[in-house]
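Structure file protein.csv (CSV, C-alpha atoms) follows.
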```
chain,number,residue,atom,x,y,z
A,1094,MET,CA,-0.2,-5.6,-15.5
A,1095,LYS,CA,-1.8,-2.4,-14.1
A,1096,ILE,CA,-1.1,-1.7,-10.5
A,1097,LEU,CA,-2.9,1.0,-8.4
A,1098,THR,CA,-1.9,2.1,-4.9
A,1099,GLN,CA,-4.1,4.6,-3.0
A,1100,ASN,CA,-4.1,5.9,0.5
A,1101,CYS,CA,-7.8,6.5,1.0
A,1102,TRP,CA,-7.5,9.0,3.8
A,1103,GLY,CA,-9.6,7.1,6.4
A,1104,VAL,CA,-10.5,10.2,8.5
A,1105,PRO,CA,-14.0,9.7,9.9
A,1106,LYS,CA,-14.9,13.3,9.0
A,1107,ARG,CA,-14.7,15.3,5.8
A,1108,ASN,CA,-17.3,13.2,4.0
A,1109,ARG,CA,-15.4,9.9,4.3
A,1110,ARG,CA,-18.2,7.7,3.0
A,1111,GLY,CA,-18.6,9.9,-0.1
A,1112,ARG,CA,-14.9,10.0,-0.8
A,1113,PHE,CA,-14.6,6.2,-0.4
A,1114,ASP,CA,-17.5,5.6,-2.8
A,1115,ILE,CA,-15.8,7.8,-5.4
A,1116,ILE,CA,-12.5,5.8,-5.1
A,1117,ALA,CA,-14.4,2.5,-5.3
A,1118,GLY,CA,-16.3,3.7,-8.4
A,1119,THR,CA,-13.0,4.5,-10.2
A,1120,ILE,CA,-11.6,1.0,-9.3
A,1121,GLY,CA,-14.8,-0.6,-10.6
A,1122,ASN,CA,-14.7,1.2,-13.9
A,1123,ARG,CA,-11.0,0.8,-14.8
A,1124,PRO,CA,-9.1,-2.4,-15.7
A,1125,TYR,CA,-6.6,-2.8,-12.8
A,1126,ASP,CA,-4.9,-6.1,-12.2
A,1127,VAL,CA,-3.7,-5.3,-8.6
A,1128,VAL,CA,-5.1,-2.6,-6.3
A,1129,CYS,CA,-3.4,-1.8,-2.9
A,1130,LEU,CA,-5.5,0.4,-0.6
A,1131,GLN,CA,-4.6,1.9,2.8
A,1132,GLU,CA,-6.6,3.5,5.6
A,1133,ILE,CA,-9.7,1.4,5.4
A,1134,PHE,CA,-9.7,0.9,9.1
A,1135,PHE,CA,-13.1,-0.7,9.8
A,1136,SER,CA,-15.1,-3.6,8.3
A,1137,ARG,CA,-18.1,-1.4,8.1
A,1138,TRP,CA,-16.3,1.1,5.9
A,1139,TYR,CA,-15.1,-1.8,3.7
A,1140,LYS,CA,-18.6,-3.2,3.4
A,1141,GLN,CA,-20.2,0.2,2.6
A,1142,SER,CA,-17.8,1.1,-0.3
A,1143,PHE,CA,-15.6,-1.7,-1.5
A,1144,ALA,CA,-17.2,-5.1,-0.9
A,1145,ALA,CA,-19.3,-4.7,-4.0
A,1146,LEU,CA,-16.3,-4.7,-6.3
A,1147,GLU,CA,-17.1,-8.2,-7.5
A,1148,LYS,CA,-14.7,-8.5,-10.4
A,1149,TYR,CA,-11.8,-8.6,-7.9
A,1150,CYS,CA,-10.7,-11.1,-5.2
A,1151,HIS,CA,-10.4,-9.3,-1.9
A,1152,SER,CA,-7.5,-9.9,0.5
A,1153,TYR,CA,-7.6,-8.5,4.1
A,1154,GLN,CA,-7.3,-9.6,7.7
A,1155,LYS,CA,-9.9,-8.8,10.4
A,1156,GLY,CA,-8.7,-7.8,13.8
A,1157,VAL,CA,-10.8,-7.6,17.0
A,1158,ILE,CA,-12.0,-4.0,16.2
A,1159,THR,CA,-10.3,-2.9,13.0
A,1160,MET,CA,-9.2,-4.4,9.7
A,1161,LYS,CA,-5.5,-5.2,10.4
A,1162,GLY,CA,-3.3,-2.3,9.2
A,1163,GLY,CA,-6.3,-0.8,7.5
A,1164,LEU,CA,-5.1,-2.6,4.4
A,1165,LEU,CA,-7.1,-4.1,1.5
A,1166,THR,CA,-5.6,-5.7,-1.6
A,1167,LEU,CA,-7.7,-6.5,-4.7
A,1168,THR,CA,-6.5,-9.0,-7.4
A,1169,GLY,CA,-7.8,-10.5,-10.5
A,1170,GLN,CA,-6.7,-14.0,-9.4
A,1171,GLN,CA,-7.8,-15.9,-6.4
A,1172,PRO,CA,-5.1,-15.6,-3.7
A,1173,LYS,CA,-3.2,-18.8,-2.7
A,1174,GLU,CA,-2.2,-17.2,0.6
A,1175,VAL,CA,-3.0,-14.1,2.6
A,1176,ALA,CA,-1.1,-13.0,5.7
A,1177,PHE,CA,-0.8,-9.8,7.8
A,1178,HIS,CA,2.6,-9.0,9.3
A,1179,ARG,CA,2.4,-6.6,12.2
A,1180,TYR,CA,5.4,-4.4,12.8
A,1181,GLN,CA,7.3,-5.3,16.0
A,1182,VAL,CA,7.8,-1.6,16.7
A,1183,GLN,CA,4.7,0.6,16.6
A,1184,GLY,CA,4.3,4.4,16.9
A,1185,ASN,CA,5.5,6.5,19.8
A,1186,LEU,CA,2.6,6.5,22.4
A,1187,PHE,CA,3.6,10.0,23.6
A,1188,SER,CA,3.1,11.8,20.3
A,1189,GLN,CA,0.7,12.0,17.4
A,1190,GLN,CA,1.8,8.5,16.5
A,1191,VAL,CA,-0.4,7.1,19.2
A,1192,THR,CA,-3.2,6.7,16.7
A,1193,ASP,CA,-0.9,4.7,14.4
A,1194,ALA,CA,0.1,2.5,17.3
A,1195,ALA,CA,-3.4,1.9,18.4
A,1196,LEU,CA,-4.5,0.9,14.9
A,1197,GLY,CA,-1.5,-1.4,14.5
A,1198,LYS,CA,0.8,-0.8,11.5
A,1199,GLY,CA,2.1,-3.6,9.3
A,1200,PHE,CA,2.0,-5.0,5.8
A,1201,LEU,CA,-0.4,-7.3,4.0
A,1202,GLU,CA,1.1,-10.1,1.9
A,1203,THR,CA,-1.0,-11.7,-0.8
A,1204,ILE,CA,0.3,-14.5,-3.0
A,1205,ILE,CA,-1.3,-15.2,-6.4
A,1206,GLU,CA,-0.2,-17.3,-9.4
A,1207,ASP,CA,0.8,-15.6,-12.6
A,1208,GLU,CA,-1.5,-17.1,-15.3
A,1209,GLU,CA,1.1,-17.0,-18.1
A,1210,SER,CA,4.2,-18.3,-16.3
A,1211,GLN,CA,2.4,-20.3,-13.6
A,1212,GLU,CA,4.8,-18.7,-11.1
A,1213,GLU,CA,3.9,-17.3,-7.8
A,1214,LEU,CA,3.7,-13.5,-7.4
A,1215,THR,CA,3.9,-11.9,-4.0
A,1216,ILE,CA,2.0,-8.6,-3.5
A,1217,ILE,CA,3.0,-6.7,-0.4
A,1218,ASN,CA,0.6,-3.8,0.6
A,1219,VAL,CA,2.4,-1.4,3.0
A,1220,HIS,CA,1.5,1.4,5.3
A,1221,ASN,CA,4.2,2.6,7.7
A,1222,VAL,CA,3.9,4.9,10.6
A,1223,SER,CA,3.8,8.6,9.9
A,1224,ILE,CA,6.2,11.3,11.0
A,1225,TYR,CA,4.0,14.1,12.1
A,1226,ARG,CA,6.8,16.5,13.1
A,1227,PRO,CA,10.5,16.5,12.6
A,1228,ASN,CA,11.3,14.3,15.6
A,1229,HIS,CA,14.1,11.8,16.2
A,1230,VAL,CA,11.9,9.4,18.2
A,1231,GLN,CA,9.2,9.4,15.5
A,1232,GLU,CA,11.8,8.9,12.8
A,1233,MET,CA,13.3,5.9,14.7
A,1234,HIS,CA,9.9,4.2,14.8
A,1235,LEU,CA,9.6,4.6,11.0
A,1236,LEU,CA,13.1,3.3,10.5
A,1237,ALA,CA,12.5,0.2,12.6
A,1238,GLN,CA,9.4,-0.6,10.6
A,1239,SER,CA,11.2,-0.1,7.3
A,1240,GLU,CA,14.0,-2.3,8.4
A,1241,GLN,CA,11.6,-5.1,9.3
A,1242,LEU,CA,9.9,-4.8,5.9
A,1243,PHE,CA,13.3,-4.6,4.1
A,1244,ARG,CA,14.4,-7.9,5.7
A,1245,HIS,CA,11.2,-9.6,4.8
A,1246,VAL,CA,11.3,-8.5,1.2
A,1247,LYS,CA,15.0,-9.3,0.8
A,1248,ASN,CA,14.4,-12.8,2.1
A,1249,LYS,CA,11.7,-13.3,-0.4
A,1250,ILE,CA,13.9,-12.1,-3.3
A,1251,GLU,CA,16.8,-14.4,-2.2
A,1252,ASN,CA,14.3,-17.3,-2.4
A,1253,GLY,CA,13.5,-16.4,-6.0
A,1254,ARG,CA,10.1,-14.8,-5.4
A,1255,LYS,CA,8.6,-12.2,-7.8
A,1256,ILE,CA,7.5,-9.1,-5.8
A,1257,ILE,CA,5.2,-6.2,-6.1
A,1258,LEU,CA,5.7,-3.9,-3.2
A,1259,ALA,CA,3.3,-0.9,-3.0
A,1260,GLY,CA,1.7,1.5,-0.6
A,1261,ASP,CA,2.3,4.5,1.7
A,1262,PHE,CA,5.9,4.0,3.0
A,1263,ASN,CA,6.1,7.4,4.7
A,1264,PHE,CA,9.8,7.8,3.9
A,1265,GLU,CA,10.8,10.3,1.3
A,1266,ARG,CA,12.6,9.7,-2.0
A,1267,GLU,CA,15.7,11.6,-0.7
A,1268,SER,CA,16.1,9.3,2.3
A,1269,MET,CA,18.7,6.6,2.8
A,1270,THR,CA,15.8,4.2,3.5
A,1271,TYR,CA,14.3,4.8,0.0
A,1272,CYS,CA,17.7,4.3,-1.5
A,1273,ALA,CA,18.0,0.9,0.2
A,1274,PHE,CA,14.6,-0.3,-1.3
A,1275,ALA,CA,15.5,1.2,-4.7
A,1276,LYS,CA,18.7,-0.9,-4.8
A,1277,LEU,CA,16.8,-4.0,-3.9
A,1278,LEU,CA,13.9,-3.5,-6.3
A,1279,ASP,CA,13.0,-1.2,-9.3
A,1280,ASP,CA,11.0,1.9,-8.4
A,1281,SER,CA,8.3,1.9,-11.1
A,1282,THR,CA,7.2,5.3,-9.9
A,1283,SER,CA,10.6,7.0,-10.4
A,1284,SER,CA,9.2,9.4,-13.0
A,1285,LEU,CA,6.7,10.8,-10.6
A,1286,SER,CA,7.3,13.4,-7.8
A,1287,SER,CA,5.5,11.3,-5.2
A,1288,ARG,CA,6.9,11.8,-1.7
A,1289,TRP,CA,5.7,8.8,0.2
A,1290,ASP,CA,3.7,6.5,-2.1
A,1291,PHE,CA,5.7,4.1,-4.3
A,1292,VAL,CA,5.4,0.9,-6.4
A,1293,PHE,CA,8.6,-1.3,-6.3
A,1294,THR,CA,8.8,-4.5,-8.3
A,1295,ASN,CA,11.2,-7.1,-9.7
A,1296,TYR,CA,8.4,-8.4,-11.8
A,1297,GLY,CA,8.8,-7.3,-15.5
A,1298,LYS,CA,9.8,-3.8,-16.4
A,1299,ALA,CA,8.0,-0.5,-16.3
A,1300,ASP,CA,8.1,2.1,-19.0
A,1301,CYS,CA,8.2,4.9,-16.4
A,1302,ALA,CA,8.2,7.7,-18.9
A,1303,LYS,CA,4.8,6.7,-20.2
A,1304,LYS,CA,3.3,4.1,-17.9
A,1305,ALA,CA,3.4,5.7,-14.4
A,1306,ASP,CA,0.8,8.3,-13.6
A,1307,TYR,CA,-1.4,9.9,-11.0
A,1308,VAL,CA,-5.0,8.7,-10.8
A,1309,THR,CA,-7.9,11.1,-10.5
A,1310,HIS,CA,-11.4,10.1,-9.4
A,1311,ARG,CA,-14.1,12.0,-11.3
A,1312,HIS,CA,-11.4,14.6,-12.1
A,1313,CYS,CA,-10.5,15.2,-8.4
A,1314,TYR,CA,-8.4,13.7,-5.6
A,1315,PRO,CA,-10.7,12.6,-2.8
A,1316,SER,CA,-7.8,12.0,-0.4
A,1317,ASP,CA,-4.7,13.6,1.0
A,1318,HIS,CA,-2.7,11.3,-1.2
A,1319,PRO,CA,-3.0,11.1,-5.0
A,1320,GLY,CA,-3.6,7.6,-6.3
A,1321,ILE,CA,-0.7,6.2,-8.4
A,1322,MET,CA,-1.0,3.8,-11.3
A,1323,VAL,CA,1.9,1.8,-12.8
A,1324,GLU,CA,1.7,-0.4,-15.9
A,1325,VAL,CA,4.4,-3.1,-15.7
A,1326,LYS,CA,5.4,-4.8,-19.0
A,1327,LEU,CA,5.9,-8.6,-18.4
```
Structure re-expressed in structure tokens:
Amino acid sequence: MKILTQNCWGVPKRNRRGRFDIIAGTIGNRPYDVVCLQEIFFSRWYKQSFAALEKYCHSYQKGVITMKGGLLTLTGQQPKEVAFHRYQVQGNLFSQQVTDAALGKGFLETIIEDEESQEELTIINVHNVSIYRPNHVQEMHLLAQSEQLFRHVKNKIENGRKIILAGDFNFERESMTYCAFAKLLDDSTSSLSSRWDFVFTNYGKADCAKKADYVTHRHCYPSDHPGIMVEVKL
């Protein structure tokens, strides 16, 4: 199973449409089984660049103005269930986190059925609040979101669910928060030097030395985050 996670850098400027089209082209031309995309904030952006990816089933949730969490998950199988979980604690309104708070951070849960085992597989696409400056208040908002996500995933695991957890977590590999998730699940991206983007799973095993890598799009990175691909052996 090939899994791609990509923060698409949904900044309205800097040729956003062109960058999104390049990322969509890469996804369309490569055989991914699961794709987790972040920062696709508006339905118009999704329709312009990603809606034409017809070989995938598309999971997202529409809000009043934005796509909830700016999250889009693509799967080879038709989802059995899709739900967006909004974080109870959003960004600090009196800092650069105000944009994150206005957009509404959370995680998108997509449940599919593994064709071979006939078991359910829960895919959780994540984008946590950013820490723009070393600041205790901003860090506490990130910690609160991470704790809510951790409790949700832990409950799933205790109920015997198979999990793929991927996205832009915005905590660093050296943090205690990362260590908590890495004890709960296997970090399939442990061979990479990624700072914020990870793929965790308890579903199969990844040959990290050979099967985790950065993804280029037309030999470039059209985002402020490199895409990450992991191949998990079932």
request  = Record the distance separating CA of Leu1164 in chain A and CA of Arg1112 in chain A, expressed in Å with one decimal.
outcome  =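 Computed distance, CA of Leu1164 in chain A to CA of Arg1112 in chain A, equals 16.8 Å.
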Using only C-alpha atoms, find each residue in range 1156-1209 of chain A having at least one atom no more than 12 Å away from range 1221-1240 of chain A; report its shortest atom-to-atom pair and that distance in Å (one decimal), rows by chain then rising number, as JSON lines.
```
{"residue": "A:Gly1162", "atom": "CA", "partner": "A:Asn1221", "partner_atom": "CA", "distance": 9.1}
{"residue": "A:Gly1163", "atom": "CA", "partner": "A:Asn1221", "partner_atom": "CA", "distance": 11.0}
{"residue": "A:Leu1164", "atom": "CA", "partner": "A:Asn1221", "partner_atom": "CA", "distance": 11.2}
{"residue": "A:His1178", "atom": "CA", "partner": "A:Gln1238", "partner_atom": "CA", "distance": 10.9}
{"residue": "A:Arg1179", "atom": "CA", "partner": "A:Gln1238", "partner_atom": "CA", "distance": 9.4}
{"residue": "A:Tyr1180", "atom": "CA", "partner": "A:Gln1238", "partner_atom": "CA", "distance": 5.9}
{"residue": "A:Gln1181", "atom": "CA", "partner": "A:Gln1238", "partner_atom": "CA", "distance": 7.5}
{"residue": "A:Val1182", "atom": "CA", "partner": "A:Gln1238", "partner_atom": "CA", "distance": 6.4}
{"residue": "A:Gln1183", "atom": "CA", "partner": "A:His1234", "partner_atom": "CA", "distance": 6.6}
{"residue": "A:Gly1184", "atom": "CA", "partner": "A:His1234", "partner_atom": "CA", "distance": 6.0}
{"residue": "A:Asn1185", "atom": "CA", "partner": "A:Gln1231", "partner_atom": "CA", "distance": 6.4}
{"residue": "A:Leu1186", "atom": "CA", "partner": "A:Gln1231", "partner_atom": "CA", "distance": 10.0}
{"residue": "A:Phe1187", "atom": "CA", "partner": "A:Gln1231", "partner_atom": "CA", "distance": 9.9}
{"residue": "A:Ser1188", "atom": "CA", "partner": "A:Gln1231", "partner_atom": "CA", "distance": 8.1}
{"residue": "A:Gln1189", "atom": "CA", "partner": "A:Tyr1225", "partner_atom": "CA", "distance": 6.6}
{"residue": "A:Gln1190", "atom": "CA", "partner": "A:Ser1223", "partner_atom": "CA", "distance": 6.9}
{"residue": "A:Val1191", "atom": "CA", "partner": "A:Val1222", "partner_atom": "CA", "distance": 9.9}
{"residue": "A:Thr1192", "atom": "CA", "partner": "A:Val1222", "partner_atom": "CA", "distance": 9.5}
{"residue": "A:Asp1193", "atom": "CA", "partner": "A:Val1222", "partner_atom": "CA", "distance": 6.1}
{"residue": "A:Ala1194", "atom": "CA", "partner": "A:Val1222", "partner_atom": "CA", "distance": 8.1}
{"residue": "A:Ala1195", "atom": "CA", "partner": "A:Val1222", "partner_atom": "CA", "distance": 11.1}
{"residue": "A:Leu1196", "atom": "CA", "partner": "A:Val1222", "partner_atom": "CA", "distance": 10.2}
{"residue": "A:Gly1197", "atom": "CA", "partner": "A:Val1222", "partner_atom": "CA", "distance": 9.2}
{"residue": "A:Lys1198", "atom": "CA", "partner": "A:Asn1221", "partner_atom": "CA", "distance": 6.1}
{"residue": "A:Gly1199", "atom": "CA", "partner": "A:Asn1221", "partner_atom": "CA", "distance": 6.7}
{"residue": "A:Phe1200", "atom": "CA", "partner": "A:Asn1221", "partner_atom": "CA", "distance": 8.1}
{"residue": "A:Leu1201", "atom": "CA", "partner": "A:Asn1221", "partner_atom": "CA", "distance": 11.5}
```
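Of the listed residues (A:Asn1122, A:Thr1168, A:Ser1281, A:Thr1098), A:Thr1098 comes nearest to Phe1262 in chain A; the distances count all atoms listed in the file.
Counting all atoms listed in the file and comparing A:Glu1208, A:Asp1114, A:Glu1213, A:Glu1147, the residue that lies closest to Lys1173 in chain A is A:Glu1213.
For the pair CA of Ile1116 in chain A and CA of Tyr1153 in chain A, the interatomic distance is 17.7 Å.
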Given only C-alpha atoms as the counted atoms, nearest of A:Lys1095, A:Arg1254, A:Arg1137, A:Arg1110 to Thr1159 in chain A =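 For Thr1159 in chain A, the nearest of the given residues is A:Arg1137.
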ask   = Which residue, A:Pro1124, A:Gly1111, A:Gly1320, A:Pro1105, has the smallest gap to Gly1169 in chain A when you use only C-alpha atoms?
value =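 For Gly1169 in chain A, the nearest of the given residues is A:Pro1124.
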ask   = When distances are computed from only C-alpha atoms, which of A:Lys1140, A:Lys1161, A:His1220, A:Arg1288 shows the smallest separation from Ser1268 in chain A?
value =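 Once distances to Ser1268 in chain A are computed over only C-alpha atoms, the minimum belongs to A:Arg1288.
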request  = Could you tell me how far CA of Asp1126 in chain A lies from CA of Met1160 in chain A, in Å and to one decimal?
outcome  =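 Separation between CA of Asp1126 in chain A and CA of Met1160 in chain A: 22.4 Å.
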message = With all atoms listed in the file as the counted atoms, please give the residues lying no more than 8 Å from Asn1295 in chain A, apart from itself and same-chain residues fewer than 5 positions off, as a PyMOL selection string.
response = chain A and resi 1255-1257+1278-1279
key: Spatial neighbours of Thr1166 in chain A, max dist 9 Å, all atoms listed in the file, sep filter under 4 positions, as JSON, numbers by chain   = {"A": [1127, 1128, 1129, 1130, 1131, 1150, 1151, 1152, 1153, 1201, 1202, 1203, 1216, 1217, 1218]}
message = Given all atoms listed in the file as the basis, pick out the residue of A:Phe1177, A:Trp1102, A:Phe1135, A:Phe1143 nearest to Gly1121 in chain A.
response =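 Closest residue, counting all atoms listed in the file: A:Phe1143.
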Would you compute an axis-aligned box for range 1135-1151 of chain A, covering every atom listed for it in the file with 4 Å of margin on each side, and report centre and edge lengths in Å to one decimal as AutoDock Vina command-line options?
```
--center_x -15.3 --center_y -5.0 --center_z -0.3 --size_x 17.8 --size_y 20.2 --size_z 28.2
```
query = Leaving out Ile1204 in chain A and any residue of its chain fewer than 5 positions from it, which residues lie within 6 Å of it when counting only C-alpha atoms, given as a VMD selection string?
reply = chain A and resid 1172 to 1174 1214 to 1215
Keeping C-alpha atoms, export the residues of the selection given above as a short mmCIF file (atom, residue, chain, number, x, y, z; two decimals), in the frame of the given file.
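Generated file (selection_2.cif):
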```cif
data_model
loop_
_atom_site.label_atom_id
_atom_site.label_comp_id
_atom_site.auth_asym_id
_atom_site.auth_seq_id
_atom_site.Cartn_x
_atom_site.Cartn_y
_atom_site.Cartn_z
CA PRO A 1172 -5.10 -15.60 -3.70
CA LYS A 1173 -3.20 -18.80 -2.70
CA GLU A 1174 -2.20 -17.20 0.60
CA LEU A 1214 3.70 -13.50 -7.40
CA THR A 1215 3.90 -11.90 -4.00
#
```
